[in-house]
Amino acid sequence: MRPAHGSLAKSEYLLPAIICDTGSVSIFRHKPDVKGHDMTAPYTEWVSLGGNNEDDIGGNCHLVTYFDGKHAHSILVDAGNKFSKVPGYDQFFPILPKGVKATFCTHGHLDHIGATAHLLNHGLPVPPAVYGSSMSLNVMRIQLGRVYGNENPWPHLHDMEPREAVNVGHIRVEGVSVSHSIPQAMGFYVVTPTARLLFTGDCKWDTQLPIKPVTDVNGLQRIGDRGLEALFLDSTRCQVPGFTRPEQDVRDEIRAQVLANPQVDEFIMPVMSTSVQRMAVLAELSQEMNIPIIYEGRSIEDMLEAAKRSKIDLKKMYPGARIMNARSFQGQEMIKQGIRHFHMGTGTQGEENAFFARAMRGESQNVRLNQAKTLVLFLASVIPGNEAACEPQFAKLREMGIRYVLIHTSGHGSAEDLLKYGEVTKPRVLFPVHGSRAHIDHHASIQQEAGRKVQMAMNGDRWRWDGKGQTPYYAGHIDTKALACKEMGQKWVTNPKSKTGQEVLRNIYEYKIVDSWDAPKTESGIVLPAKKKIVLAGMEPVGPK
Ligand SMILES: [Zn+2]
């Protein structure tokens, strides 16, 4: 029996609730707005649950649902976190609706996998299957091992190759490689009986990156030829004209600095720990110039380990490069003997306990900081908002009379990169995503100027496709609230696998549902009782614990 219009709210998939000890709280309110459309016929719907925020970027999460006339089949593309601007709260996460069958992770950055990783880390339910490239999932596995003591929790994490396809009910998802700062980033071509959608995740065009695969131009072209109702494209860097500078330019600039400074024997190189492409550039230079790399910082160790497990072994790619951990015997010997080296370390964003801040406070035995013999090559950009935390390090360098140079290129596509994605995939409609309203506005205008049909959407706007070859229509809005979390203090867990250990890990955060992804409107949020386990209704893990 076909459901009547009035009963749709009940048969709809989007009726999740967060259940805590005080009862249930409804998160999404269903407000259909689809006059003139047969609401009992199959359709595909996309809604951004996070990432198209009013004020800033982060917390990326797309929900795609295919309604076959009777049942809904939903997947997520990414479930990331966003750093909270609310004092006392560490992070924001999207609230995941019930009934989602799988999450597809575009790449291993926390604003794309952070929510999934966090929920898994704390024993909270996530959709029963998680797919992504080997690198994306190894980043998650290593985090799970660090925090939870178990790298293989339920649900299972499924490695996926580019161009491989996975079927989730009536939804077929195919990976396509894109270039980004962390290797093995993948866009997803999502095909349902009524729509073909492409989510790029974070991307730039640069096809000369040292670690392959890079942007799969043929694959993107093929997607365009097969048909694309909508392209969902990264907007983070759309305000910068031209193409994003290739990674090879960074290599050339570092080489020029090294050659111009023969008196320097200590090149301090703060780097983002996920910039494995940048590390490959350094490995190439290490091989070419016969200068060893000493790396320092746990997150770099983790990232190199994730890369190695994902068949990205810098030592194999550049056999002449010498790469060693500062904690290793060889690393310590190099440092003691004062051998000319690259000292690659963490802490580009002013993190207090990371290598760079410790070195600048004089707390690292591994650096000499000599006016004549040290040069700092800062291989990252300071993320807006972190300036105040970073400035003391630079002030210290100026005070000590140590020179520093900033050399960087972004992992995100600039205006020309983005136009190229549109040109190659030829979507009927392009949705700018991953950005604040200002980014999305700007991205829309540059694509429109280039003759592309663009549709703007913010978090919670629902867009539907009734059939292939059609343009989407607006189907109303849902409230995309966020989950804010607050760390309740560090707790030492002797055995994280024990029942008590797991219970403690689940409860070291307090969660609060906030009305908006943006800071100023959060006061009306509902505070959940502290230290109570929360369960997302309908998303209890169903496999082995
Ligand atoms: Zn990213």
# chains A, B, ... in the order shown; residues from 1 in each chain; ligands from 1

call {"tool": "residues_around", "arguments": {"residues": "Ile254 (chain A)", "least_positions_apart": "6", "cutoff": "12 Å", "atoms": "only C-alpha atoms", "output": "JSON, numbers by chain"}}
result
{"A": [247, 248, 260, 261, 267, 268, 269, 278, 281, 282, 283, 284, 285, 286, 289, 342, 375, 376, 377, 378, 379, 405, 406, 407, 408]}

call {"tool": "residues_near_ligand", "arguments": {"ligand": "ligand 1", "cutoff": "10 Å", "atoms": "only C-alpha atoms and all ligand atoms", "output": "list in words"}}
result
Gly58, Thr106, His107, Gly108, His109, Leu110, Asp111, His112, Ile113, His180, Ser181, Ile182, Ala185, Gly201, Asp202, Cys203, Asp234, Thr236, Thr274, Ser275, Ser410, Gly411 and His412 of chain A

call {"tool": "write_last_selection", "arguments": {"atoms": "C-alpha atoms", "output": "mmCIF file, in the first residue's frame"}}
result
data_model
loop_
_atom_site.group_PDB
_atom_site.id
_atom_site.type_symbol
_atom_site.label_atom_id
_atom_site.label_comp_id
_atom_site.auth_asym_id
_atom_site.auth_seq_id
_atom_site.Cartn_x
_atom_site.Cartn_y
_atom_site.Cartn_z
ATOM 1 C CA GLY A 58 34.494 22.401 9.361
ATOM 2 C CA THR A 106 36.847 11.199 1.562
ATOM 3 C CA HIS A 107 40.185 11.599 3.378
ATOM 4 C CA GLY A 108 41.915 11.395 6.729
ATOM 5 C CA HIS A 109 41.492 14.977 7.981
ATOM 6 C CA LEU A 110 39.533 15.422 11.189
ATOM 7 C CA ASP A 111 37.036 17.872 9.713
ATOM 8 C CA HIS A 112 35.972 14.909 7.529
ATOM 9 C CA ILE A 113 36.499 11.841 9.737
ATOM 10 C CA HIS A 180 44.962 16.950 -1.524
ATOM 11 C CA SER A 181 47.672 17.440 1.114
ATOM 12 C CA ILE A 182 47.052 14.024 2.691
ATOM 13 C CA ALA A 185 41.994 11.418 -0.895
ATOM 14 C CA GLY A 201 35.788 16.138 -0.591
ATOM 15 C CA ASP A 202 38.755 18.502 -0.186
ATOM 16 C CA CYS A 203 40.602 18.770 -3.460
ATOM 17 C CA ASP A 234 35.109 22.208 -2.018
ATOM 18 C CA THR A 236 37.529 26.498 1.208
ATOM 19 C CA THR A 274 48.891 15.149 7.887
ATOM 20 C CA SER A 275 50.865 16.818 5.069
ATOM 21 C CA SER A 410 47.412 24.724 0.228
ATOM 22 C CA GLY A 411 45.743 21.348 -0.185
ATOM 23 C CA HIS A 412 42.595 23.127 -1.398
#

call {"tool": "residues_around", "arguments": {"residues": "Pro241 (chain A)", "least_positions_apart": "5", "cutoff": "7 Å", "atoms": "only C-alpha atoms", "output": "PyMOL selection string"}}
result
chain A and resi 414-416

call {"tool": "residues_around", "arguments": {"residues": "Ala354 (chain A)", "least_positions_apart": "5", "cutoff": "10 Å", "atoms": "only C-alpha atoms", "output": "list in words"}}
result
Pro270, Glu296, Gly297, Arg298, Ser299, Gly345, Thr346, Gly347, Thr348, Gln349 and Ala359 of chain A

call {"tool": "select_by_dssp", "arguments": {"residues": "region 216-296 of chain A", "states": "strand (DSSP E or B)", "output": "ChimeraX atom specification"}}
result
/A:230-234,266-271,293-296

call {"tool": "write_last_selection", "arguments": {"atoms": "N, CA and C atoms", "output": "PDB file, in the first residue's frame"}}
result
ATOM      1  N   ALA A 230      24.647  16.407 -10.182  1.00  0.00           N
ATOM      2  CA  ALA A 230      25.187  17.473  -9.326  1.00  0.00           C
ATOM      3  C   ALA A 230      26.605  17.182  -8.872  1.00  0.00           C
ATOM      4  N   LEU A 231      27.385  18.258  -8.829  1.00  0.00           N
ATOM      5  CA  LEU A 231      28.753  18.199  -8.308  1.00  0.00           C
ATOM      6  C   LEU A 231      28.790  19.008  -7.015  1.00  0.00           C
ATOM      7  N   PHE A 232      29.291  18.397  -5.946  1.00  0.00           N
ATOM      8  CA  PHE A 232      29.409  19.064  -4.648  1.00  0.00           C
ATOM      9  C   PHE A 232      30.892  19.343  -4.455  1.00  0.00           C
ATOM     10  N   LEU A 233      31.270  20.620  -4.543  1.00  0.00           N
ATOM     11  CA  LEU A 233      32.686  20.962  -4.691  1.00  0.00           C
ATOM     12  C   LEU A 233      33.194  21.857  -3.560  1.00  0.00           C
ATOM     13  N   ASP A 234      34.377  21.497  -3.078  1.00  0.00           N
ATOM     14  CA  ASP A 234      35.109  22.208  -2.018  1.00  0.00           C
ATOM     15  C   ASP A 234      35.176  23.724  -2.283  1.00  0.00           C
ATOM     16  N   GLU A 266      71.256  23.380  10.720  1.00  0.00           N
ATOM     17  CA  GLU A 266      70.021  22.935  11.375  1.00  0.00           C
ATOM     18  C   GLU A 266      68.836  23.659  10.720  1.00  0.00           C
ATOM     19  N   PHE A 267      68.130  22.932   9.849  1.00  0.00           N
ATOM     20  CA  PHE A 267      66.934  23.504   9.218  1.00  0.00           C
ATOM     21  C   PHE A 267      65.725  23.013  10.002  1.00  0.00           C
ATOM     22  N   ILE A 268      65.129  23.896  10.791  1.00  0.00           N
ATOM     23  CA  ILE A 268      63.954  23.486  11.567  1.00  0.00           C
ATOM     24  C   ILE A 268      62.727  23.657  10.679  1.00  0.00           C
ATOM     25  N   MET A 269      61.952  22.573  10.535  1.00  0.00           N
ATOM     26  CA  MET A 269      60.841  22.578   9.587  1.00  0.00           C
ATOM     27  C   MET A 269      59.536  22.155  10.247  1.00  0.00           C
ATOM     28  N   PRO A 270      58.814  23.101  10.841  1.00  0.00           N
ATOM     29  CA  PRO A 270      57.492  22.745  11.357  1.00  0.00           C
ATOM     30  C   PRO A 270      56.577  22.393  10.180  1.00  0.00           C
ATOM     31  N   VAL A 271      55.841  21.301  10.325  1.00  0.00           N
ATOM     32  CA  VAL A 271      55.002  20.823   9.227  1.00  0.00           C
ATOM     33  C   VAL A 271      53.700  20.266   9.813  1.00  0.00           C
ATOM     34  N   ILE A 293      66.822  13.585   7.271  1.00  0.00           N
ATOM     35  CA  ILE A 293      65.637  14.174   7.922  1.00  0.00           C
ATOM     36  C   ILE A 293      65.492  13.535   9.296  1.00  0.00           C
ATOM     37  N   ILE A 294      65.379  14.373  10.306  1.00  0.00           N
ATOM     38  CA  ILE A 294      65.064  13.861  11.639  1.00  0.00           C
ATOM     39  C   ILE A 294      63.668  14.370  11.961  1.00  0.00           C
ATOM     40  N   TYR A 295      62.758  13.457  12.282  1.00  0.00           N
ATOM     41  CA  TYR A 295      61.401  13.924  12.577  1.00  0.00           C
ATOM     42  C   TYR A 295      61.088  13.760  14.049  1.00  0.00           C
ATOM     43  N   GLU A 296      60.230  14.657  14.527  1.00  0.00           N
ATOM     44  CA  GLU A 296      59.935  14.679  15.956  1.00  0.00           C
ATOM     45  C   GLU A 296      58.462  15.009  16.185  1.00  0.00           C
TER      46      GLU A 296
END

call {"tool": "atom_distance", "arguments": {"atom1": "CA of Thr471 (chain A)", "atom2": "CA of Val429 (chain A)"}}
result
7.1 Å

call {"tool": "residues_around", "arguments": {"residues": "Ser84 (chain A)", "least_positions_apart": "3", "cutoff": "10 Å", "atoms": "only C-alpha atoms", "output": "PyMOL selection string"}}
result
chain A and resi 58+81+87-93+484-486+517-519

call {"tool": "residues_around", "arguments": {"residues": "region 308-314 of chain A", "least_positions_apart": "3", "cutoff": "10 Å", "atoms": "only C-alpha atoms", "output": "number ranges by chain"}}
result
A: 133-139, 159, 183-184, 211-212, 276-277, 279-284, 302-305, 317-319, 321-323

call {"tool": "select_by_dssp", "arguments": {"residues": "region 159-284 of chain A", "states": "helix (DSSP H, G or I)", "output": "ChimeraX atom specification"}}
result
/A:217-226,247-260,276-284

call {"tool": "write_last_selection", "arguments": {"atoms": "C-alpha atoms", "output": "PDB file, in the first residue's frame"}}
result
ATOM      1  CA  VAL A 217      41.342  13.427 -14.786  1.00  0.00           C
ATOM      2  CA  ASN A 218      40.175  10.511 -16.967  1.00  0.00           C
ATOM      3  CA  GLY A 219      38.029   9.134 -14.176  1.00  0.00           C
ATOM      4  CA  LEU A 220      36.380  12.537 -13.685  1.00  0.00           C
ATOM      5  CA  GLN A 221      35.848  12.884 -17.426  1.00  0.00           C
ATOM      6  CA  ARG A 222      34.215   9.451 -17.538  1.00  0.00           C
ATOM      7  CA  ILE A 223      31.897  10.449 -14.721  1.00  0.00           C
ATOM      8  CA  GLY A 224      30.960  13.540 -16.724  1.00  0.00           C
ATOM      9  CA  ASP A 225      30.302  11.376 -19.798  1.00  0.00           C
ATOM     10  CA  ARG A 226      28.177   8.909 -17.855  1.00  0.00           C
ATOM     11  CA  GLU A 247      53.702  21.181  -4.400  1.00  0.00           C
ATOM     12  CA  GLN A 248      56.757  21.136  -6.684  1.00  0.00           C
ATOM     13  CA  ASP A 249      57.075  24.916  -6.242  1.00  0.00           C
ATOM     14  CA  VAL A 250      57.396  24.345  -2.511  1.00  0.00           C
ATOM     15  CA  ARG A 251      60.143  21.800  -3.172  1.00  0.00           C
ATOM     16  CA  ASP A 252      61.996  24.268  -5.411  1.00  0.00           C
ATOM     17  CA  GLU A 253      61.708  27.023  -2.838  1.00  0.00           C
ATOM     18  CA  ILE A 254      63.026  24.822  -0.029  1.00  0.00           C
ATOM     19  CA  ARG A 255      65.906  23.707  -2.246  1.00  0.00           C
ATOM     20  CA  ALA A 256      66.753  27.348  -3.043  1.00  0.00           C
ATOM     21  CA  GLN A 257      66.801  28.216   0.668  1.00  0.00           C
ATOM     22  CA  VAL A 258      69.078  25.291   1.478  1.00  0.00           C
ATOM     23  CA  LEU A 259      71.474  26.194  -1.340  1.00  0.00           C
ATOM     24  CA  ALA A 260      71.487  29.857  -0.361  1.00  0.00           C
ATOM     25  CA  VAL A 276      52.414  13.572   3.930  1.00  0.00           C
ATOM     26  CA  GLN A 277      52.826  15.045   0.425  1.00  0.00           C
ATOM     27  CA  ARG A 278      55.058  17.727   1.998  1.00  0.00           C
ATOM     28  CA  MET A 279      57.064  15.025   3.787  1.00  0.00           C
ATOM     29  CA  ALA A 280      57.575  13.292   0.442  1.00  0.00           C
ATOM     30  CA  VAL A 281      58.939  16.552  -0.965  1.00  0.00           C
ATOM     31  CA  LEU A 282      61.424  16.670   1.916  1.00  0.00           C
ATOM     32  CA  ALA A 283      62.360  13.028   1.339  1.00  0.00           C
ATOM     33  CA  GLU A 284      63.041  13.811  -2.309  1.00  0.00           C
TER      34      GLU A 284
END

call {"tool": "closest_residue", "arguments": {"among": "A:His434, A:Cys61, A:Gln239, A:Leu483", "to": "Gln447 (chain A)", "atoms": "only C-alpha atoms"}}
result
A:Gln239

call {"tool": "residues_around", "arguments": {"residues": "Pro432 (chain A)", "least_positions_apart": "2", "cutoff": "8 Å", "atoms": "only C-alpha atoms", "output": "PyMOL selection string"}}
result
chain A and resi 232-235+430+434-435+440+443-444+454-457

call {"tool": "atom_distance", "arguments": {"atom1": "CA of Leu144 (chain A)", "atom2": "CA of Leu157 (chain A)"}}
result
11.5 Å

call {"tool": "closest_residue", "arguments": {"among": "A:Leu63, A:Ile383, A:Ala388, A:Ile291", "to": "Phe83 (chain A)", "atoms": "only C-alpha atoms"}}
result
A:Ile383

call {"tool": "closest_residue", "arguments": {"among": "A:His343, A:Arg196, A:Lys396, A:Arg146", "to": "Asp466 (chain A)", "atoms": "only C-alpha atoms"}}
result
A:Arg196

call {"tool": "atom_distance", "arguments": {"atom1": "CA of Gln263 (chain A)", "atom2": "CA of Arg368 (chain A)"}}
result
14.2 Å
